[in-house]
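run-v7.csv follows (CSV, C-alpha atoms and all ligand atoms):
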```csv
chain,number,residue,atom,x,y,z
A,1,MET,CA,0.0,0.0,0.0
A,2,ILE,CA,1.1,3.5,-0.8
A,3,GLU,CA,0.3,6.4,1.5
A,4,PHE,CA,1.1,10.0,1.1
A,5,LYS,CA,0.6,11.9,4.3
A,6,ASN,CA,0.4,15.7,4.1
A,7,VAL,CA,3.2,15.7,1.5
A,8,THR,CA,4.6,19.1,0.3
A,9,LYS,CA,7.4,19.3,-2.2
A,10,ILE,CA,9.1,22.6,-2.9
A,11,TYR,CA,12.0,22.4,-5.3
A,12,PRO,CA,15.1,24.4,-4.3
A,13,GLY,CA,14.9,27.9,-5.8
A,14,SER,CA,11.2,27.7,-6.4
A,15,ASP,CA,8.7,29.7,-4.4
A,16,ARG,CA,5.6,27.7,-5.3
A,17,PRO,CA,5.1,24.1,-4.1
A,18,ALA,CA,5.1,21.5,-6.8
A,19,LEU,CA,2.9,19.4,-4.4
A,20,SER,CA,1.0,21.0,-1.6
A,21,ASN,CA,-0.2,19.1,1.5
A,22,LEU,CA,-1.1,16.0,-0.5
A,23,SER,CA,-2.7,13.0,1.3
A,24,LEU,CA,-3.8,9.9,-0.6
A,25,GLN,CA,-3.8,6.2,-0.4
A,26,ILE,CA,-3.4,3.6,-3.1
A,27,ASP,CA,-4.0,0.0,-2.3
A,28,ASN,CA,-2.0,-2.9,-3.8
A,29,GLY,CA,-3.4,-4.0,-7.1
A,30,GLU,CA,-5.2,-0.7,-8.0
A,31,PHE,CA,-5.2,0.9,-11.4
A,32,VAL,CA,-4.9,4.7,-11.1
A,33,PHE,CA,-4.8,7.5,-13.6
A,34,LEU,CA,-3.1,10.8,-12.5
A,35,VAL,CA,-4.5,13.7,-14.4
A,36,GLY,CA,-4.2,17.4,-14.4
A,37,PRO,CA,-2.6,20.2,-16.6
A,38,SER,CA,1.1,20.5,-17.2
A,39,GLY,CA,2.8,21.7,-14.0
A,40,ALA,CA,0.1,20.2,-11.8
A,41,GLY,CA,2.6,17.9,-10.0
A,42,LYS,CA,2.0,14.5,-11.6
A,43,SER,CA,5.7,13.8,-12.4
A,44,THR,CA,6.7,15.1,-9.0
A,45,LEU,CA,4.4,12.6,-7.3
A,46,ILE,CA,6.0,9.8,-9.4
A,47,LYS,CA,9.5,10.9,-8.6
A,48,LEU,CA,8.7,11.1,-4.9
A,49,LEU,CA,7.3,7.5,-5.0
A,50,PHE,CA,10.5,6.3,-6.7
A,51,ARG,CA,12.4,8.3,-4.1
A,52,GLU,CA,14.2,10.2,-6.9
A,53,GLN,CA,13.1,13.2,-4.8
A,54,LEU,CA,12.4,13.6,-1.1
A,55,PRO,CA,9.4,15.5,0.3
A,56,THR,CA,10.0,18.9,1.8
A,57,LYS,CA,7.3,18.1,4.4
A,58,GLY,CA,5.1,15.1,5.2
A,59,GLU,CA,5.8,11.4,4.7
A,60,ILE,CA,5.4,8.7,2.1
A,61,PHE,CA,4.8,5.2,3.3
A,62,PHE,CA,5.2,2.1,1.1
A,63,ASN,CA,3.8,-1.1,2.7
A,64,GLY,CA,4.1,0.7,6.1
A,65,LYS,CA,7.7,1.9,5.7
A,66,ASN,CA,8.6,5.6,5.5
A,67,ILE,CA,10.6,5.6,2.3
A,68,ALA,CA,12.5,8.7,3.2
A,69,LEU,CA,14.2,6.6,5.9
A,70,LEU,CA,15.3,3.7,3.8
A,71,GLU,CA,19.0,2.9,3.9
A,72,LYS,CA,21.0,2.0,0.8
A,73,GLY,CA,20.1,-1.7,0.6
A,74,ALA,CA,16.4,-1.1,1.4
A,75,LEU,CA,16.2,1.8,-1.1
A,76,LEU,CA,17.5,-0.5,-3.9
A,77,LYS,CA,14.9,-3.1,-2.9
A,78,HIS,CA,12.2,-0.4,-2.9
A,79,ARG,CA,13.2,0.8,-6.4
A,80,ARG,CA,13.4,-2.8,-7.7
A,81,GLN,CA,9.7,-3.1,-6.8
A,82,ILE,CA,8.9,-0.2,-9.1
A,83,GLY,CA,8.9,-0.6,-12.9
A,84,MET,CA,9.1,2.8,-14.7
A,85,VAL,CA,7.8,3.6,-18.2
A,86,PHE,CA,8.6,6.9,-19.8
A,87,GLN,CA,7.0,9.1,-22.5
A,88,ASP,CA,10.2,9.1,-24.6
A,89,PHE,CA,10.7,5.3,-24.2
A,90,ARG,CA,14.4,5.8,-23.1
A,91,LEU,CA,15.7,2.8,-25.0
A,92,LEU,CA,19.4,2.3,-25.8
A,93,LYS,CA,19.7,2.9,-29.5
A,94,GLN,CA,22.8,0.8,-30.0
A,95,LYS,CA,21.3,-2.2,-28.4
A,96,THR,CA,18.8,-4.7,-29.8
A,97,VAL,CA,15.3,-5.2,-28.3
A,98,PHE,CA,16.6,-8.3,-26.5
A,99,GLU,CA,19.7,-6.4,-25.1
A,100,ASN,CA,17.5,-3.4,-24.0
A,101,VAL,CA,15.3,-5.7,-21.9
A,102,ALA,CA,18.3,-7.9,-20.7
A,103,PHE,CA,20.1,-4.8,-19.5
A,104,ALA,CA,17.5,-4.3,-16.7
A,105,LEU,CA,18.4,-7.7,-15.3
A,106,GLU,CA,22.2,-7.3,-15.9
A,107,VAL,CA,22.3,-4.3,-13.6
A,108,LEU,CA,20.6,-6.4,-11.0
A,109,GLY,CA,23.4,-9.0,-11.3
A,110,LYS,CA,21.2,-11.7,-12.7
A,111,SER,CA,22.9,-14.8,-14.4
A,112,PRO,CA,23.0,-15.1,-18.2
A,113,ALA,CA,20.9,-18.3,-17.9
A,114,GLU,CA,18.1,-16.4,-16.1
A,115,ILE,CA,18.3,-13.6,-18.6
A,116,GLN,CA,18.1,-16.0,-21.5
A,117,GLU,CA,15.0,-17.5,-20.0
A,118,LYS,CA,13.2,-14.4,-18.9
A,119,VAL,CA,13.7,-11.9,-21.7
A,120,PRO,CA,11.7,-13.9,-24.3
A,121,LEU,CA,8.9,-14.4,-21.8
A,122,ALA,CA,8.7,-10.6,-21.1
A,123,LEU,CA,8.8,-9.8,-24.8
A,124,ALA,CA,6.0,-12.4,-25.5
A,125,LYS,CA,3.9,-10.8,-22.7
A,126,VAL,CA,4.0,-7.4,-24.4
A,127,GLY,CA,3.3,-8.9,-27.9
A,128,LEU,CA,6.9,-8.6,-29.2
A,129,ALA,CA,7.9,-12.3,-29.7
A,130,GLY,CA,10.1,-12.5,-32.7
A,131,LYS,CA,11.4,-8.9,-32.5
A,132,GLU,CA,14.4,-9.8,-30.2
A,133,ASN,CA,17.1,-8.9,-32.8
A,134,ALA,CA,15.5,-5.6,-34.0
A,135,PHE,CA,17.0,-2.3,-33.1
A,136,PRO,CA,14.7,0.4,-31.6
A,137,ALA,CA,14.9,2.5,-34.8
A,138,GLU,CA,13.4,-0.4,-36.8
A,139,LEU,CA,10.3,-0.4,-34.6
A,140,SER,CA,7.1,1.7,-34.6
A,141,GLY,CA,6.5,4.0,-31.6
A,142,GLY,CA,4.0,1.6,-30.1
A,143,GLU,CA,6.5,-1.3,-30.4
A,144,GLN,CA,9.2,0.8,-28.8
A,145,GLN,CA,7.0,1.6,-25.9
A,146,ARG,CA,6.2,-2.1,-25.5
A,147,VAL,CA,10.0,-2.7,-25.2
A,148,GLY,CA,9.9,-0.1,-22.5
A,149,VAL,CA,7.1,-2.0,-20.8
A,150,ALA,CA,8.9,-5.3,-21.1
A,151,ARG,CA,12.0,-3.7,-19.6
A,152,ALA,CA,9.9,-2.5,-16.7
A,153,LEU,CA,8.1,-5.8,-16.2
A,154,ILE,CA,11.1,-8.1,-16.3
A,155,LYS,CA,12.0,-7.0,-12.8
A,156,GLU,CA,8.7,-8.4,-11.7
A,157,PRO,CA,7.7,-5.1,-10.0
A,158,THR,CA,4.8,-4.8,-7.6
A,159,ILE,CA,4.1,-1.3,-9.0
A,160,LEU,CA,4.2,0.0,-12.6
A,161,LEU,CA,4.7,3.7,-12.8
A,162,ALA,CA,4.2,5.4,-16.2
A,163,ASP,CA,4.7,9.1,-16.9
A,164,GLU,CA,2.8,10.1,-20.1
A,165,PRO,CA,3.4,6.6,-21.7
A,166,THR,CA,1.2,7.4,-24.7
A,167,GLY,CA,2.5,11.0,-25.2
A,168,ASN,CA,4.3,10.1,-28.4
A,169,LEU,CA,1.7,7.6,-29.7
A,170,ASP,CA,-1.3,7.9,-31.9
A,171,ARG,CA,-4.8,7.2,-30.5
A,172,GLY,CA,-5.1,3.6,-31.7
A,173,THR,CA,-1.7,2.7,-30.5
A,174,SER,CA,-2.3,4.4,-27.2
A,175,TRP,CA,-5.5,2.4,-26.7
A,176,GLN,CA,-3.7,-0.9,-27.3
A,177,LEU,CA,-1.0,0.1,-24.9
A,178,MET,CA,-3.6,0.9,-22.2
A,179,GLU,CA,-5.1,-2.5,-22.8
A,180,LEU,CA,-1.7,-4.0,-22.1
A,181,PHE,CA,-1.5,-2.0,-18.9
A,182,ALA,CA,-4.9,-3.3,-17.9
A,183,GLU,CA,-3.8,-6.9,-18.5
A,184,ILE,CA,-0.7,-6.3,-16.4
A,185,ASN,CA,-2.9,-4.9,-13.6
A,186,GLU,CA,-5.2,-7.9,-13.8
A,187,SER,CA,-2.3,-10.1,-12.9
A,188,GLY,CA,-1.9,-8.2,-9.7
A,189,THR,CA,0.5,-5.3,-10.4
A,190,THR,CA,-0.4,-1.9,-9.1
A,191,VAL,CA,-0.5,0.5,-12.1
A,192,ILE,CA,-0.2,4.3,-11.8
A,193,ILE,CA,-0.3,6.3,-15.1
A,194,ALA,CA,0.1,10.0,-15.4
A,195,THR,CA,-1.6,11.0,-18.6
A,196,HIS,CA,-3.2,13.7,-20.8
A,197,ALA,CA,-5.0,11.1,-22.9
A,198,TRP,CA,-8.5,12.1,-21.8
A,199,ASP,CA,-10.3,9.7,-24.2
A,200,VAL,CA,-8.5,6.7,-22.9
A,201,VAL,CA,-9.1,7.7,-19.3
A,202,ASP,CA,-12.9,8.1,-20.1
A,203,ARG,CA,-13.0,4.8,-21.7
A,204,MET,CA,-11.2,2.8,-19.0
A,205,GLN,CA,-13.4,4.0,-16.1
A,206,LYS,CA,-10.7,3.5,-13.5
A,207,ARG,CA,-9.7,5.5,-10.5
A,208,VAL,CA,-8.8,9.0,-11.4
A,209,ILE,CA,-6.8,11.3,-9.1
A,210,ALA,CA,-6.8,14.9,-10.4
A,211,LEU,CA,-4.1,17.4,-9.4
A,212,SER,CA,-4.1,21.1,-10.0
A,213,GLU,CA,-1.3,23.4,-9.0
A,214,GLY,CA,0.0,20.8,-6.6
A,215,CYS,CA,-3.3,20.1,-4.9
A,216,LEU,CA,-5.5,17.0,-5.0
A,217,VAL,CA,-8.8,18.3,-6.5
A,218,ARG,CA,-10.6,15.1,-7.3
A,219,ASP,CA,-10.3,11.4,-6.5
A,220,GLU,CA,-13.0,9.2,-8.0
A,221,LEU,CA,-13.1,5.4,-8.1
A,222,ARG,CA,-14.6,5.1,-11.6
A,223,GLY,CA,-13.7,8.5,-13.0
A,224,SER,CA,-13.3,10.4,-16.2
A,225,TYR,CA,-10.7,12.9,-17.3
A,226,HIS,CA,-12.8,16.0,-16.7
A,227,ASP,CA,-15.1,16.9,-13.8
A,301,LIG,P1,3.4,17.7,-14.2
A,301,LIG,O1,4.0,16.4,-14.3
A,301,LIG,O2,1.9,17.6,-13.8
A,301,LIG,O3,3.5,18.5,-15.5
A,301,LIG,P2,5.6,18.5,-12.5
A,301,LIG,O4,5.6,17.6,-11.3
A,301,LIG,O5,6.6,18.2,-13.6
A,301,LIG,O6,4.1,18.6,-13.1
A,301,LIG,O7,5.8,20.0,-12.1
A,301,LIG,C1,5.2,20.6,-11.0
A,301,LIG,C2,5.8,22.0,-10.7
A,301,LIG,O8,7.1,21.8,-10.2
A,301,LIG,C3,5.9,22.8,-11.9
A,301,LIG,O9,5.7,24.2,-11.5
A,301,LIG,C4,7.4,22.6,-12.4
A,301,LIG,O10,7.9,23.8,-13.0
A,301,LIG,C5,8.1,22.4,-11.0
A,301,LIG,N1,9.3,21.5,-11.2
A,301,LIG,C6,9.3,20.3,-11.6
A,301,LIG,N2,10.5,19.7,-11.6
A,301,LIG,C7,11.3,20.7,-11.1
A,301,LIG,C8,12.7,20.8,-10.8
A,301,LIG,N3,13.5,19.7,-10.9
A,301,LIG,N4,13.2,21.9,-10.3
A,301,LIG,C9,12.4,23.0,-10.1
A,301,LIG,N5,11.0,23.0,-10.3
A,301,LIG,C10,10.5,21.9,-10.8
```
Full structure transcribed into structure tokens:
Amino acid sequence: MIEFKNVTKIYPGSDRPALSNLSLQIDNGEFVFLVGPSGAGKSTLIKLLFREQLPTKGEIFFNGKNIALLEKGALLKHRRQIGMVFQDFRLLKQKTVFENVAFALEVLGKSPAEIQEKVPLALAKVGLAGKENAFPAELSGGEQQRVGVARALIKEPTILLADEPTGNLDRGTSWQLMELFAEINESGTTVIIATHAWDVVDRMQKRVIALSEGCLVRDELRGSYHD
């Protein structure tokens, strides 16, 4: 379970909080859309959860532990439980699809045998079986993002965090990607997606948390993008 308790984030040199006295709870296995205009604080929330940033005030608990207090080993373990997907895919251009996904396990020190076994399974899960030897530039945007999802999933995270994952995709491709996220969620992974894709949000009828100028302005269990 994720709990934000009265969390305020003020970046150094900024006079306006990026997040202001935010309290919310997300249970394990939920599917949540984070919506709100640019600058509302969505990415900041994601960065705080990954502990890429620390709150200025307040606490963030993950499964009962205050993540600000995690020591090095526990912090690595925390981050290992979180798979991240980015708007710009962040694939390594010189590496093949297989190598891009394998890299996520190599940095965790996994054995070549485990990597050989798991990478094809992760690629099959995202619908990319057979694309192992392609380079990112040879794939469509939707396929590149699926590589990004496979790379996130291969760590078997309990949470999948995606920041504008469909920002560079057309509508049809965006919808297919969201269906993939829904499938991943059905297998038990908590999914949190920051997005501007209002049509997808409206169609999915999932929990919607809306931020505006760093404040939580709406939290609905089966919500839409707009009020
Ligand atoms: P969103 O993801 O909803 O667009 P952000 O979390 O990126 O919103 O930004 C929230 C606010 O924090 C904005 O005013 C933004 O300019 C500011 N901000 C974000 N990152 C930084 C940073 N690294 N340093 C200073 N200000 C930042």
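Residue nearest Gln87 in chain A, chosen from A:Thr195, A:Thr158, A:Thr190, A:Asn6 and counting all atoms listed in the file: A:Thr195.
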- Task: Within 6 Å of ligand LIG 301 (chain A), which residues show up when you count all atoms listed in the file? List them as a PyMOL selection string, please.
- Result: chain A and resi 11+18+37-44
- Message: Excluding Leu45 in chain A and its own-chain neighbours fewer than 4 positions away, which residues fall within 12 Å of it when counting only C-alpha atoms? Please give them as an MDAnalysis selection string.
- Response: chainID A and resid 2:4 7:10 17:24 34:35 39:41 49:55 60 161:163 192:194 209:211 214:216
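You will find CA of Ala102 in chain A at 17.7 Å from CA of Leu139 in chain A.
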At a cut-off of 10 Å, using only C-alpha atoms, what residues contact Leu69 in chain A? Leave out same-chain residues fewer than 6 positions from it and give the result as a PDB file with C-alpha atoms, keeping the file's coordinate frame.
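Heads up, here's the output in result24.pdb:
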```pdb
ATOM      1  CA  GLU A  59       5.800  11.400   4.700  1.00  0.00           C
ATOM      2  CA  ILE A  60       5.400   8.700   2.100  1.00  0.00           C
ATOM      3  CA  PHE A  61       4.800   5.200   3.300  1.00  0.00           C
ATOM      4  CA  LEU A  75      16.200   1.800  -1.100  1.00  0.00           C
TER       5      LEU A  75
END
```
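Checking A:Ala134, A:Ala122, A:Lys57, A:Pro112 one by one against Lys93 in chain A, counting only C-alpha atoms, you find the shortest gap at A:Ala134.
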- Message: For a test of reading the model, state the distance in Å between CA of Thr173 in chain A and CA of Lys95 in chain A, rounded to one decimal.
- Response: 23.6 Å
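Among the candidates A:Gly223, A:Val201, A:Ile46, A:Ala124, the residue lying nearest to Glu179 in chain A is A:Val201 (atoms considered: all atoms listed in the file).
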- What separates CA of Pro120 in chain A and CA of Ile154 in chain A is a distance of 9.9 Å
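When only C-alpha atoms are used to compute distances to Ala152 in chain A, the closest of the residues A:Gly130, A:Gly29, A:Gly58, A:Gly83 turns out to be A:Gly83.
With distances restricted to all atoms listed in the file, A:Gly36 is the closest residue to Asp219 in chain A from A:Pro157, A:Gly13, A:Gly148, A:Gly36.
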- Message: I need the residue nearest Asn100 in chain A from this list: A:Ser174, A:His78, A:Val149, A:Lys65. Use all atoms listed in the file for the distance.
- Response: A:Val149
How big is the axis-aligned box, and where does its centre sit, when it encloses all atoms of range 142-153 of chain A listed in the file and has 4 Å added on every side, reported in Å to one decimal as AutoDock Vina command-line options?
```
--center_x 8.0 --center_y -2.1 --center_z -23.3 --size_x 16.0 --size_y 15.4 --size_z 22.2
```
Could you write range 152-170 of chain A as a compact mmCIF listing (two decimals), in the frame of the given file, with N, CA, C and O atoms rebuilt where they are missing?
```txt
# COMPACT_ATOMS: atom_id res chain seq x y z
N ALA A 152 10.43 -2.77 -17.99
CA ALA A 152 9.90 -2.50 -16.70
C ALA A 152 9.42 -3.75 -15.97
O ALA A 152 9.65 -3.98 -14.79
N LEU A 153 8.75 -4.60 -16.76
CA LEU A 153 8.10 -5.80 -16.20
C LEU A 153 9.07 -6.89 -15.81
O LEU A 153 8.77 -7.71 -14.94
N ILE A 154 10.22 -6.92 -16.48
CA ILE A 154 11.10 -8.10 -16.30
C ILE A 154 11.66 -8.12 -14.86
O ILE A 154 12.06 -9.17 -14.38
N LYS A 155 11.61 -6.97 -14.17
CA LYS A 155 12.00 -7.00 -12.80
C LYS A 155 10.95 -7.51 -11.84
O LYS A 155 11.10 -7.53 -10.64
N GLU A 156 9.82 -7.91 -12.44
CA GLU A 156 8.70 -8.40 -11.70
C GLU A 156 8.28 -7.39 -10.58
O GLU A 156 8.24 -7.73 -9.39
N PRO A 157 8.01 -6.14 -10.98
CA PRO A 157 7.70 -5.10 -10.00
C PRO A 157 6.32 -5.28 -9.40
O PRO A 157 5.46 -5.90 -10.03
N THR A 158 6.12 -4.74 -8.20
CA THR A 158 4.80 -4.80 -7.60
C THR A 158 3.99 -3.51 -8.09
O THR A 158 2.77 -3.49 -8.04
N ILE A 159 4.75 -2.48 -8.53
CA ILE A 159 4.10 -1.30 -9.00
C ILE A 159 4.68 -0.92 -10.40
O ILE A 159 5.89 -0.96 -10.59
N LEU A 160 3.79 -0.57 -11.32
CA LEU A 160 4.20 0.00 -12.60
C LEU A 160 3.87 1.44 -12.64
O LEU A 160 2.69 1.79 -12.50
N LEU A 161 4.88 2.29 -12.80
CA LEU A 161 4.70 3.70 -12.80
C LEU A 161 4.93 4.23 -14.24
O LEU A 161 6.02 4.00 -14.77
N ALA A 162 3.97 4.90 -14.84
CA ALA A 162 4.20 5.40 -16.20
C ALA A 162 3.87 6.86 -16.28
O ALA A 162 2.82 7.31 -15.85
N ASP A 163 4.84 7.62 -16.80
CA ASP A 163 4.70 9.10 -16.90
C ASP A 163 4.42 9.41 -18.39
O ASP A 163 5.33 9.33 -19.21
N GLU A 164 3.19 9.74 -18.71
CA GLU A 164 2.80 10.10 -20.10
C GLU A 164 3.21 8.98 -21.09
O GLU A 164 3.83 9.29 -22.12
N PRO A 165 2.88 7.71 -20.83
CA PRO A 165 3.40 6.60 -21.70
C PRO A 165 2.88 6.71 -23.12
O PRO A 165 3.50 6.15 -24.03
N THR A 166 1.75 7.38 -23.33
CA THR A 166 1.20 7.40 -24.70
C THR A 166 1.42 8.81 -25.33
O THR A 166 0.87 9.10 -26.40
N GLY A 167 2.25 9.64 -24.68
CA GLY A 167 2.50 11.00 -25.20
C GLY A 167 2.99 11.10 -26.57
O GLY A 167 2.76 12.09 -27.26
N ASN A 168 3.72 10.05 -27.03
CA ASN A 168 4.30 10.10 -28.40
C ASN A 168 3.60 9.08 -29.31
O ASN A 168 4.16 8.72 -30.35
N LEU A 169 2.41 8.62 -28.92
CA LEU A 169 1.70 7.60 -29.70
C LEU A 169 0.40 8.10 -30.27
O LEU A 169 -0.23 8.97 -29.65
N ASP A 170 -0.02 7.52 -31.40
CA ASP A 170 -1.30 7.90 -31.90
C ASP A 170 -2.44 7.26 -31.12
O ASP A 170 -2.18 6.43 -30.25
```
